[in-house]
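J.: My file is structure_15.cif. It has mmCIF, C-alpha atoms:
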```
data_final
#
loop_
_atom_site.label_atom_id
_atom_site.label_comp_id
_atom_site.auth_asym_id
_atom_site.auth_seq_id
_atom_site.Cartn_x
_atom_site.Cartn_y
_atom_site.Cartn_z
CA MET A 996 -37.90 118.02 -97.66
CA GLN A 997 -36.23 116.07 -100.44
CA GLY A 998 -33.37 113.64 -99.97
CA ILE A 999 -29.83 114.18 -101.14
CA GLU A 1000 -28.78 112.42 -104.32
CA VAL A 1001 -25.24 111.10 -104.39
CA PRO A 1002 -23.86 110.46 -107.88
CA THR A 1003 -22.51 106.94 -108.19
CA GLY A 1004 -20.79 106.37 -111.49
CA GLU A 1005 -21.78 107.58 -114.91
CA GLN A 1006 -25.12 109.36 -115.13
CA LYS A 1007 -26.98 110.12 -118.33
CA ARG A 1008 -27.91 113.70 -119.04
CA ARG A 1009 -31.62 114.42 -118.66
CA ARG A 1010 -33.33 115.78 -121.77
CA TYR A 1011 -36.54 117.76 -121.43
CA THR A 1012 -39.19 117.78 -124.14
CA ALA A 1013 -40.62 121.00 -125.52
CA GLU A 1014 -43.84 120.25 -123.62
CA GLU A 1015 -41.97 119.87 -120.33
CA LYS A 1016 -40.06 123.10 -120.90
CA SER A 1017 -43.29 124.93 -121.69
CA ARG A 1018 -44.83 123.59 -118.47
CA PHE A 1019 -41.77 124.73 -116.47
CA VAL A 1020 -41.94 128.23 -117.95
CA ALA A 1021 -45.69 128.52 -117.38
CA LEU A 1022 -45.33 127.34 -113.79
CA SER A 1023 -42.44 129.76 -113.11
CA MET A 1024 -44.69 132.66 -114.17
CA GLN A 1025 -47.36 131.81 -111.58
CA PRO A 1026 -47.59 133.93 -108.41
CA GLY A 1027 -45.39 132.50 -105.69
CA TYR A 1028 -43.11 130.60 -108.09
CA SER A 1029 -39.69 131.43 -109.51
CA VAL A 1030 -37.39 129.79 -112.05
CA SER A 1031 -35.18 128.57 -109.21
CA LEU A 1032 -38.09 127.08 -107.28
CA VAL A 1033 -39.45 125.23 -110.32
CA ALA A 1034 -35.97 123.94 -111.18
CA ARG A 1035 -35.50 122.61 -107.64
CA GLN A 1036 -38.91 120.92 -107.74
CA TYR A 1037 -37.97 119.07 -110.91
CA GLY A 1038 -34.40 118.25 -109.85
CA THR A 1039 -32.54 120.43 -112.29
CA THR A 1040 -30.77 123.79 -112.44
CA PRO A 1041 -32.32 127.03 -113.71
CA GLN A 1042 -29.81 127.10 -116.58
CA SER A 1043 -30.56 123.64 -117.92
CA ALA A 1044 -34.34 123.44 -117.56
CA PHE A 1045 -35.34 126.52 -119.53
#
```
Output the structure of this file as structure tokens.

T.:
Amino acid sequence: MQGIEVPTGEQKRRRYTAEEKSRFVALSMQPGYSVSLVARQYGTTPQSAF
């Protein structure tokens, strides 16, 4: 189980490289994975990671 992150002040927006996005997509296509699961694993939302 992962901890809860509490925003404290200004946070910079995370930018994902093309290689990271490709890895996320490939992983989400594997049996047993979904876009939502991969996004949670990498600490992002399905809308912003892909």

J.: Figure out the distance between atom CA of A:Arg1008 and atom CA of A:Ser1023, please, to one decimal in Å.

T.: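 Distance reported for this atom pair: 22.5 Å.
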
J.: Would you compute the distance between atom CA of A:Ser1029 and atom CA of A:Lys1007? Give it in Å to one decimal.

T.: 26.3 Å

J.: My list of candidates is A:Arg1009, A:Glu1014, A:Ala1021, A:Ile999. Which is closest to A:Val1033 when distances are computed with all atoms listed in the file?

T.: A:Ala1021

J.: Starting from the PyMOL selection byres ((chain A and resi 1017-1020) around 12), expand the selection into actual residues of this file and give them as an mmCIF file with C-alpha atoms, keeping the file's coordinate frame.

T.:
```cif
data_model
loop_
_atom_site.group_PDB
_atom_site.id
_atom_site.type_symbol
_atom_site.label_atom_id
_atom_site.label_comp_id
_atom_site.auth_asym_id
_atom_site.auth_seq_id
_atom_site.Cartn_x
_atom_site.Cartn_y
_atom_site.Cartn_z
ATOM 1 C CA TYR A 1011 -36.540 117.760 -121.430
ATOM 2 C CA THR A 1012 -39.190 117.780 -124.140
ATOM 3 C CA ALA A 1013 -40.620 121.000 -125.520
ATOM 4 C CA GLU A 1014 -43.840 120.250 -123.620
ATOM 5 C CA GLU A 1015 -41.970 119.870 -120.330
ATOM 6 C CA LYS A 1016 -40.060 123.100 -120.900
ATOM 7 C CA ALA A 1021 -45.690 128.520 -117.380
ATOM 8 C CA LEU A 1022 -45.330 127.340 -113.790
ATOM 9 C CA SER A 1023 -42.440 129.760 -113.110
ATOM 10 C CA MET A 1024 -44.690 132.660 -114.170
ATOM 11 C CA GLN A 1025 -47.360 131.810 -111.580
ATOM 12 C CA TYR A 1028 -43.110 130.600 -108.090
ATOM 13 C CA SER A 1029 -39.690 131.430 -109.510
ATOM 14 C CA VAL A 1030 -37.390 129.790 -112.050
ATOM 15 C CA SER A 1031 -35.180 128.570 -109.210
ATOM 16 C CA LEU A 1032 -38.090 127.080 -107.280
ATOM 17 C CA VAL A 1033 -39.450 125.230 -110.320
ATOM 18 C CA ALA A 1034 -35.970 123.940 -111.180
ATOM 19 C CA ARG A 1035 -35.500 122.610 -107.640
ATOM 20 C CA GLN A 1036 -38.910 120.920 -107.740
ATOM 21 C CA TYR A 1037 -37.970 119.070 -110.910
ATOM 22 C CA GLY A 1038 -34.400 118.250 -109.850
ATOM 23 C CA THR A 1039 -32.540 120.430 -112.290
ATOM 24 C CA THR A 1040 -30.770 123.790 -112.440
ATOM 25 C CA PRO A 1041 -32.320 127.030 -113.710
ATOM 26 C CA SER A 1043 -30.560 123.640 -117.920
ATOM 27 C CA ALA A 1044 -34.340 123.440 -117.560
ATOM 28 C CA PHE A 1045 -35.340 126.520 -119.530
#
```
